[in-house]
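Below: final.csv (CSV, C-alpha atoms)
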```csv
chain,number,residue,atom,x,y,z
H,11,MET,CA,97.7,83.4,91.6
H,12,SER,CA,97.4,82.9,95.4
H,13,GLU,CA,94.7,81.1,97.4
H,14,VAL,CA,93.1,83.3,100.0
H,15,GLN,CA,90.6,82.9,102.9
H,16,ILE,CA,88.2,85.8,103.3
H,17,PRO,CA,86.4,86.3,106.7
H,18,ALA,CA,82.8,87.2,106.2
H,19,GLY,CA,81.0,87.4,109.5
H,20,ARG,CA,80.7,83.8,110.8
H,21,ALA,CA,81.7,82.4,107.4
H,22,VAL,CA,85.1,82.0,105.8
H,23,LEU,CA,85.1,82.2,102.0
H,24,SER,CA,87.8,80.7,99.7
H,25,GLY,CA,89.2,82.7,96.9
H,26,ASN,CA,91.8,83.0,94.2
H,27,LEU,CA,93.6,86.3,94.0
H,28,THR,CA,95.7,87.1,90.9
H,29,ILE,CA,97.6,90.4,90.8
H,30,SER,CA,99.0,91.2,87.4
H,31,GLU,CA,102.2,93.2,87.1
H,32,ASN,CA,101.6,96.9,87.4
H,33,ALA,CA,97.9,96.3,88.2
H,34,VAL,CA,95.8,99.4,87.7
H,35,GLY,CA,92.6,98.1,89.4
H,36,LEU,CA,91.0,95.0,91.1
H,37,VAL,CA,87.9,93.2,89.9
H,38,LEU,CA,85.9,91.1,92.3
H,39,PHE,CA,83.7,88.4,90.7
H,40,ALA,CA,80.2,87.7,92.0
H,41,HIS,CA,78.8,84.5,90.5
H,42,GLY,CA,75.4,82.9,90.5
H,43,SER,CA,74.5,79.7,92.2
H,44,GLY,CA,76.2,76.5,91.2
H,45,SER,CA,79.1,78.5,90.0
H,46,GLY,CA,82.2,79.6,91.9
H,47,ARG,CA,85.8,80.5,91.6
H,48,HIS,CA,86.4,77.4,89.5
H,49,SER,CA,83.9,78.5,86.8
H,50,PRO,CA,85.6,78.2,83.4
H,51,ARG,CA,83.7,81.1,82.1
H,52,ASN,CA,84.7,83.4,84.9
H,53,GLN,CA,88.3,82.2,84.8
H,54,PHE,CA,88.4,83.0,81.1
H,55,VAL,CA,87.1,86.5,81.7
H,56,ALA,CA,89.6,86.9,84.6
H,57,ARG,CA,92.5,86.0,82.3
H,58,THR,CA,91.5,88.6,79.8
H,59,LEU,CA,91.3,91.2,82.6
H,60,ASN,CA,94.7,90.1,83.9
H,61,ASP,CA,96.1,90.7,80.4
H,62,ALA,CA,94.8,94.3,80.7
H,63,SER,CA,96.7,94.9,83.9
H,64,LEU,CA,93.7,94.3,86.2
H,65,ALA,CA,94.0,92.2,89.3
H,66,THR,CA,91.2,89.7,89.9
H,67,LEU,CA,89.6,88.1,93.0
H,68,LEU,CA,87.4,85.0,92.2
H,69,PHE,CA,85.8,83.7,95.4
H,70,ASP,CA,83.0,81.5,96.5
H,71,LEU,CA,80.1,83.6,97.8
H,72,LEU,CA,78.8,80.6,99.7
H,73,THR,CA,80.6,78.2,101.9
H,74,GLN,CA,80.7,74.5,100.9
H,75,HIS,CA,78.0,73.7,103.4
H,76,GLU,CA,75.8,76.5,102.1
H,77,GLU,CA,76.4,75.5,98.5
H,78,ALA,CA,75.4,71.9,99.3
H,79,ILE,CA,72.2,73.0,100.9
H,80,ASP,CA,71.5,75.4,97.9
H,81,MET,CA,72.0,72.6,95.4
H,82,ARG,CA,69.1,70.7,97.2
H,83,THR,CA,66.8,73.6,98.1
H,84,GLY,CA,67.8,76.6,96.1
H,85,GLU,CA,67.4,78.7,99.2
H,86,HIS,CA,70.6,80.8,98.8
H,87,ARG,CA,70.8,81.5,95.1
H,88,PHE,CA,68.2,84.2,95.2
H,89,ASN,CA,69.2,85.5,98.6
H,90,ILE,CA,70.5,88.7,97.1
H,91,GLY,CA,71.0,90.3,100.5
H,92,LEU,CA,73.3,87.5,101.7
H,93,LEU,CA,75.3,87.4,98.5
H,94,ALA,CA,75.7,91.2,98.5
H,95,GLU,CA,76.8,91.1,102.2
H,96,ARG,CA,79.5,88.6,101.3
H,97,LEU,CA,80.7,90.8,98.5
H,98,VAL,CA,80.9,93.8,100.9
H,99,HIS,CA,83.0,91.6,103.3
H,100,ALA,CA,85.3,90.7,100.4
H,101,THR,CA,85.6,94.3,99.4
H,102,ARG,CA,86.5,95.4,102.9
H,103,TRP,CA,89.0,92.5,103.1
H,104,ALA,CA,90.7,93.7,99.9
H,105,LYS,CA,90.9,97.2,101.2
H,106,GLN,CA,92.9,95.9,104.2
H,107,GLN,CA,95.4,93.9,102.2
H,108,GLU,CA,98.7,95.5,101.5
H,109,GLN,CA,98.9,94.3,97.9
H,110,THR,CA,95.4,95.4,97.0
H,111,ARG,CA,94.4,98.3,99.3
H,112,ASN,CA,95.6,101.0,96.8
H,113,LEU,CA,93.7,99.5,93.8
H,114,ARG,CA,90.4,100.9,92.8
H,115,ILE,CA,87.7,98.2,92.8
H,116,GLY,CA,85.2,96.9,90.2
H,117,TYR,CA,82.6,94.2,90.4
H,118,PHE,CA,81.9,91.6,87.7
H,119,GLY,CA,78.6,89.9,88.4
H,120,SER,CA,77.0,86.9,86.6
H,121,SER,CA,73.4,85.7,86.8
H,122,THR,CA,72.1,86.5,90.4
H,123,GLY,CA,75.6,87.8,91.2
H,124,GLY,CA,74.7,90.7,88.9
H,125,GLY,CA,72.0,91.7,91.3
H,126,ALA,CA,74.2,91.2,94.3
H,127,ALA,CA,76.9,93.4,92.8
H,128,LEU,CA,74.5,96.3,92.4
H,129,VAL,CA,73.2,96.0,96.0
H,130,ALA,CA,76.7,95.9,97.4
H,131,ALA,CA,77.8,98.8,95.3
H,132,ALA,CA,74.8,100.8,96.5
H,133,GLU,CA,75.8,100.0,100.1
H,134,ILE,CA,79.5,101.0,99.8
H,135,PRO,CA,79.5,103.6,96.9
H,136,GLN,CA,82.9,105.0,98.0
H,137,ASP,CA,84.6,101.7,97.5
H,138,VAL,CA,83.2,100.6,94.1
H,139,GLY,CA,84.3,102.3,90.9
H,140,ALA,CA,82.7,100.2,88.2
H,141,ILE,CA,80.3,97.3,87.6
H,142,VAL,CA,79.9,94.8,84.7
H,143,SER,CA,77.0,92.3,84.7
H,144,ARG,CA,77.1,89.3,82.4
H,145,GLY,CA,73.7,87.7,81.7
H,146,GLY,CA,72.8,89.1,85.0
H,147,ARG,CA,69.7,89.7,87.0
H,148,PRO,CA,70.0,93.4,87.9
H,149,ASP,CA,66.3,93.5,88.5
H,150,LEU,CA,66.9,91.5,91.7
H,151,ALA,CA,68.6,94.6,93.1
H,152,GLY,CA,65.2,96.2,93.5
H,153,ASP,CA,65.3,99.4,95.5
H,154,ALA,CA,69.1,99.6,95.4
H,155,LEU,CA,69.1,100.3,91.6
H,156,PRO,CA,68.6,104.1,91.8
H,157,LYS,CA,71.3,104.3,94.5
H,158,VAL,CA,74.0,102.7,92.4
H,159,LYS,CA,76.6,105.4,91.6
H,160,ALA,CA,79.3,103.2,89.9
H,161,PRO,CA,79.3,103.3,86.1
H,162,THR,CA,77.5,100.0,85.1
H,163,LEU,CA,77.7,97.9,82.0
H,164,LEU,CA,74.9,95.4,81.5
H,165,ILE,CA,75.9,92.7,79.0
H,166,VAL,CA,73.2,90.3,77.7
H,167,GLY,CA,73.0,87.7,74.9
H,168,GLY,CA,70.9,88.7,71.9
H,169,ASN,CA,68.9,85.5,72.2
H,170,ASP,CA,68.3,85.8,75.9
H,171,ASP,CA,64.9,87.5,75.5
H,172,ILE,CA,63.6,87.5,79.0
H,173,VAL,CA,66.8,88.6,80.5
H,174,ILE,CA,67.1,91.4,78.0
H,175,GLU,CA,63.7,92.7,79.1
H,176,LEU,CA,64.7,92.4,82.8
H,177,ASN,CA,68.0,94.3,82.1
H,178,GLU,CA,66.1,97.0,80.2
H,179,MET,CA,63.7,97.5,83.1
H,180,ALA,CA,66.7,97.7,85.6
H,181,ARG,CA,68.5,100.1,83.4
H,182,ASP,CA,65.5,102.5,83.3
H,183,GLN,CA,65.5,102.6,87.1
H,184,MET,CA,69.2,103.6,87.4
H,185,ARG,CA,70.1,107.3,87.7
H,186,TYR,CA,73.8,107.2,87.1
H,187,GLU,CA,75.9,106.1,84.1
H,188,VAL,CA,74.6,102.8,82.8
H,189,LYS,CA,74.9,101.1,79.4
H,190,LEU,CA,73.2,98.0,78.0
H,191,GLU,CA,75.3,96.0,75.5
H,192,ILE,CA,73.6,93.1,73.6
H,193,VAL,CA,75.9,90.5,72.1
H,194,PRO,CA,74.2,89.3,68.9
H,195,GLY,CA,73.4,85.6,68.6
H,196,ALA,CA,74.4,84.8,72.1
H,197,THR,CA,72.4,82.8,74.6
H,198,HIS,CA,72.4,83.1,78.4
H,199,LEU,CA,75.7,81.4,79.0
H,200,PHE,CA,77.5,82.9,76.0
H,201,GLU,CA,78.6,79.5,74.8
H,202,GLU,CA,78.5,80.4,71.1
H,203,PRO,CA,81.9,80.8,69.3
H,204,GLY,CA,83.4,84.2,70.1
H,205,ALA,CA,80.6,85.3,72.5
H,206,LEU,CA,82.5,85.0,75.7
H,207,GLU,CA,85.5,86.7,74.1
H,208,LYS,CA,83.3,89.6,73.2
H,209,VAL,CA,82.0,89.7,76.9
H,210,ALA,CA,85.6,89.6,78.2
H,211,LYS,CA,86.7,92.4,75.8
H,212,LEU,CA,83.7,94.6,76.7
H,213,ALA,CA,84.3,94.1,80.4
H,214,SER,CA,88.1,94.7,80.2
H,215,ASP,CA,87.6,98.0,78.3
H,216,TRP,CA,84.9,99.1,80.8
H,217,PHE,CA,87.1,98.4,83.8
H,218,VAL,CA,90.2,99.9,82.4
H,219,ASN,CA,88.3,103.1,81.4
H,220,HIS,CA,86.6,103.5,84.8
H,221,ILE,CA,88.9,102.1,87.5
H,222,GLY,CA,92.2,102.1,85.6
H,223,ARG,CA,92.7,105.8,85.3
H,224,ALA,CA,93.6,106.7,88.8
H,225,LYS,CA,96.3,104.2,89.8
H,226,HIS,CA,97.3,104.4,93.4
H,227,ASN,CA,95.0,107.3,94.0
```
Kindly return the structure encoded in the file as structure tokens.
Amino acid sequence: MSEVQIPAGRAVLSGNLTISENAVGLVLFAHGSGSGRHSPRNQFVARTLNDASLATLLFDLLTQHEEAIDMRTGEHRFNIGLLAERLVHATRWAKQQEQTRNLRIGYFGSSTGGGAALVAAAEIPQDVGAIVSRGGRPDLAGDALPKVKAPTLLIVGGNDDIVIELNEMARDQMRYEVKLEIVPGATHLFEEPGALEKVAKLASDWFVNHIGRAKHN
């Protein structure tokens, strides 16, 4: 794993890049507020992806200053436009790095990061090959939903009733490949025994199938 600095307009975002041996794709993580590259849940999923020969980039969508403001006011966590813009910057950065520029890219979004991932994917469809949303808010992508061309997997906990409904509504607005996977007995954060393992396996399979085929295309 290497620590990286990603320029994003006037901001600089801190990230952790892990490139597994013979990597067949690169997954960028987009998290919700109050969570970042140090999130134990995202790190767990990232390790599972690494084991499947997928490189991962976990990075903070907000600067430390922005995160501090958001913890007080909540003004950034639902700013999907800002979060998506940061994800686009990170994608373009990855496309310019020698060690990642030949890898096809996927997005793993959690909570509001799920909405941001869909908006970013709609903006740069040529650069995004697959999306997985974990307990995400794809409904927040709004008008971008019908424009998303990347195959999308929406994973929701079976006991996360409101979010299931929001994901179903989002799914019905999408025009390209989309699948809703409900993990029985799981709540929003997938803290139940085996729930996060199930998420990680579903995500790993989705990415390998959709961005892992054309290595160094």
Between H:Leu27, H:Leu71, H:Met11, H:Ile141, single out the one closest to H:Phe217, counting all atoms listed in the file.
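Selected residue with least distance to H:Phe217: H:Ile141.
Using only C-alpha atoms, every residue with an atom at most 7 Å from the point (68.4, 95.4, 84.4) is listed here: H:Arg147, H:Pro148, H:Asp149, H:Leu176, H:Asn177, H:Glu178, H:Met179, H:Ala180, H:Arg181.
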Considering all atoms listed in the file, can you say which of H:Leu67, H:Val193, H:Ile79, H:Leu128 comes closest to H:Leu155?
H:Leu128
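Proximity of H:Asp153, H:Glu175, H:Glu95, H:Glu191 to H:Ala126, computed with only C-alpha atoms, is greatest for H:Glu95.
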When you look at stretch 157-174 of chain H with a cut-off of 6 Å (counting only C-alpha atoms), what residues show up, excluding the ones that are within fewer than 6 positions of it in the same chain? I need them as JSON, numbers by chain.
{"H": [132, 139, 140, 141, 142, 143, 144, 145, 186, 187, 188, 189, 190, 191, 192, 193, 194, 195, 196, 197, 198]}
Within 9 Å of stretch 41-56 of chain H, counting only C-alpha atoms, which residues show up once you throw out same-chain ones fewer than 5 positions away? Write them as a PyMOL selection string, please.
chain H and resi 24-26+28+61+64-72+77+80-81+84+86-88+118-124+126+146+199-200+206-207+209-211+213-214
As an exercise, work out the distance from atom CA of H:Ala154 to atom CA of H:Gln107 in Å and give it to one decimal place.
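Interatomic distance here is 27.8 Å.
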As a check of understanding: the span from atom CA of H:Val98 to atom CA of H:Arg82 is 26.2 Å
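Each of H:Gly125, H:Gly152, H:Gly19, H:Pro203 was compared to H:Ala40 using all atoms listed in the file, and H:Gly125 turns out to be the nearest.
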Rounded to one decimal in Å, what is the spacing between atom CA of H:Phe39 and atom CA of H:Ala94?
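One can read the atom CA of H:Phe39 to atom CA of H:Ala94 distance as 11.5 Å.
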Name the closest residue to H:Tyr117 among the candidates H:His220, H:His75, H:Arg57, H:Lys208; distances are taken between atoms, counting all atoms listed in the file.
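Checking each candidate against H:Tyr117, we get H:His220 as the closest.
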Because some atoms of stretch 171-204 of chain H are absent here, can you restore N, CA and C atoms and send them as a short mmCIF file (atom, residue, chain, number, x, y, z; two decimals), in the frame of the given file?
```cif
data_model
loop_
_atom_site.label_atom_id
_atom_site.label_comp_id
_atom_site.auth_asym_id
_atom_site.auth_seq_id
_atom_site.Cartn_x
_atom_site.Cartn_y
_atom_site.Cartn_z
N ASP H 171 66.02 86.48 75.53
CA ASP H 171 64.90 87.50 75.50
C ASP H 171 64.45 87.97 76.81
N ILE H 172 64.13 87.05 77.72
CA ILE H 172 63.60 87.50 79.00
C ILE H 172 64.56 88.28 79.79
N VAL H 173 65.82 87.86 79.76
CA VAL H 173 66.80 88.60 80.50
C VAL H 173 67.11 89.96 79.91
N ILE H 174 67.00 90.09 78.60
CA ILE H 174 67.10 91.40 78.00
C ILE H 174 66.08 92.35 78.54
N GLU H 175 64.85 91.86 78.62
CA GLU H 175 63.70 92.70 79.10
C GLU H 175 63.99 93.09 80.59
N LEU H 176 64.47 92.14 81.40
CA LEU H 176 64.70 92.40 82.80
C LEU H 176 65.86 93.45 82.96
N ASN H 177 66.86 93.36 82.08
CA ASN H 177 68.00 94.30 82.10
C ASN H 177 67.51 95.70 81.66
N GLU H 178 66.63 95.74 80.67
CA GLU H 178 66.10 97.00 80.20
C GLU H 178 65.31 97.71 81.33
N MET H 179 64.52 96.93 82.05
CA MET H 179 63.70 97.50 83.10
C MET H 179 64.65 98.01 84.25
N ALA H 180 65.71 97.25 84.55
CA ALA H 180 66.70 97.70 85.60
C ALA H 180 67.38 98.96 85.14
N ARG H 181 67.81 98.97 83.89
CA ARG H 181 68.50 100.10 83.40
C ARG H 181 67.69 101.41 83.52
N ASP H 182 66.41 101.29 83.26
CA ASP H 182 65.50 102.50 83.30
C ASP H 182 65.32 102.99 84.72
N GLN H 183 65.66 102.17 85.73
CA GLN H 183 65.50 102.60 87.10
C GLN H 183 66.82 103.22 87.66
N MET H 184 67.90 103.09 86.90
CA MET H 184 69.20 103.60 87.40
C MET H 184 69.39 105.04 86.98
N ARG H 185 70.00 105.80 87.88
CA ARG H 185 70.10 107.30 87.70
C ARG H 185 71.47 107.73 87.29
N TYR H 186 72.45 106.86 87.40
CA TYR H 186 73.80 107.20 87.10
C TYR H 186 74.23 106.54 85.76
N GLU H 187 75.50 106.60 85.42
CA GLU H 187 75.90 106.10 84.10
C GLU H 187 75.66 104.57 84.02
N VAL H 188 74.91 104.19 83.00
CA VAL H 188 74.60 102.80 82.80
C VAL H 188 74.46 102.55 81.26
N LYS H 189 74.98 101.40 80.81
CA LYS H 189 74.90 101.10 79.40
C LYS H 189 74.52 99.61 79.22
N LEU H 190 73.62 99.36 78.31
CA LEU H 190 73.20 98.00 78.00
C LEU H 190 73.83 97.57 76.69
N GLU H 191 74.60 96.50 76.72
CA GLU H 191 75.30 96.00 75.50
C GLU H 191 74.75 94.60 75.22
N ILE H 192 74.19 94.44 74.03
CA ILE H 192 73.60 93.10 73.60
C ILE H 192 74.57 92.47 72.65
N VAL H 193 74.97 91.23 72.97
CA VAL H 193 75.90 90.50 72.10
C VAL H 193 75.03 89.65 71.14
N PRO H 194 75.04 89.98 69.84
CA PRO H 194 74.20 89.30 68.90
C PRO H 194 74.38 87.81 68.82
N GLY H 195 73.28 87.07 68.78
CA GLY H 195 73.40 85.60 68.60
C GLY H 195 73.73 84.83 69.82
N ALA H 196 74.00 85.50 70.93
CA ALA H 196 74.40 84.80 72.10
C ALA H 196 73.26 84.40 73.01
N THR H 197 73.36 83.26 73.67
CA THR H 197 72.40 82.80 74.60
C THR H 197 72.83 83.16 76.03
N HIS H 198 72.14 82.67 77.04
CA HIS H 198 72.40 83.10 78.40
C HIS H 198 73.80 82.87 78.91
N LEU H 199 74.39 81.74 78.53
CA LEU H 199 75.70 81.40 79.00
C LEU H 199 76.86 81.83 78.09
N PHE H 200 76.51 82.46 76.97
CA PHE H 200 77.50 82.90 76.00
C PHE H 200 78.42 81.81 75.55
N GLU H 201 77.80 80.67 75.22
CA GLU H 201 78.60 79.50 74.80
C GLU H 201 78.89 79.47 73.32
N GLU H 202 78.28 80.38 72.57
CA GLU H 202 78.50 80.40 71.10
C GLU H 202 79.94 80.87 70.81
N PRO H 203 80.49 80.42 69.66
CA PRO H 203 81.90 80.80 69.30
C PRO H 203 82.05 82.33 69.31
N GLY H 204 83.04 82.78 70.03
CA GLY H 204 83.40 84.20 70.10
C GLY H 204 82.56 85.04 71.05
#
```
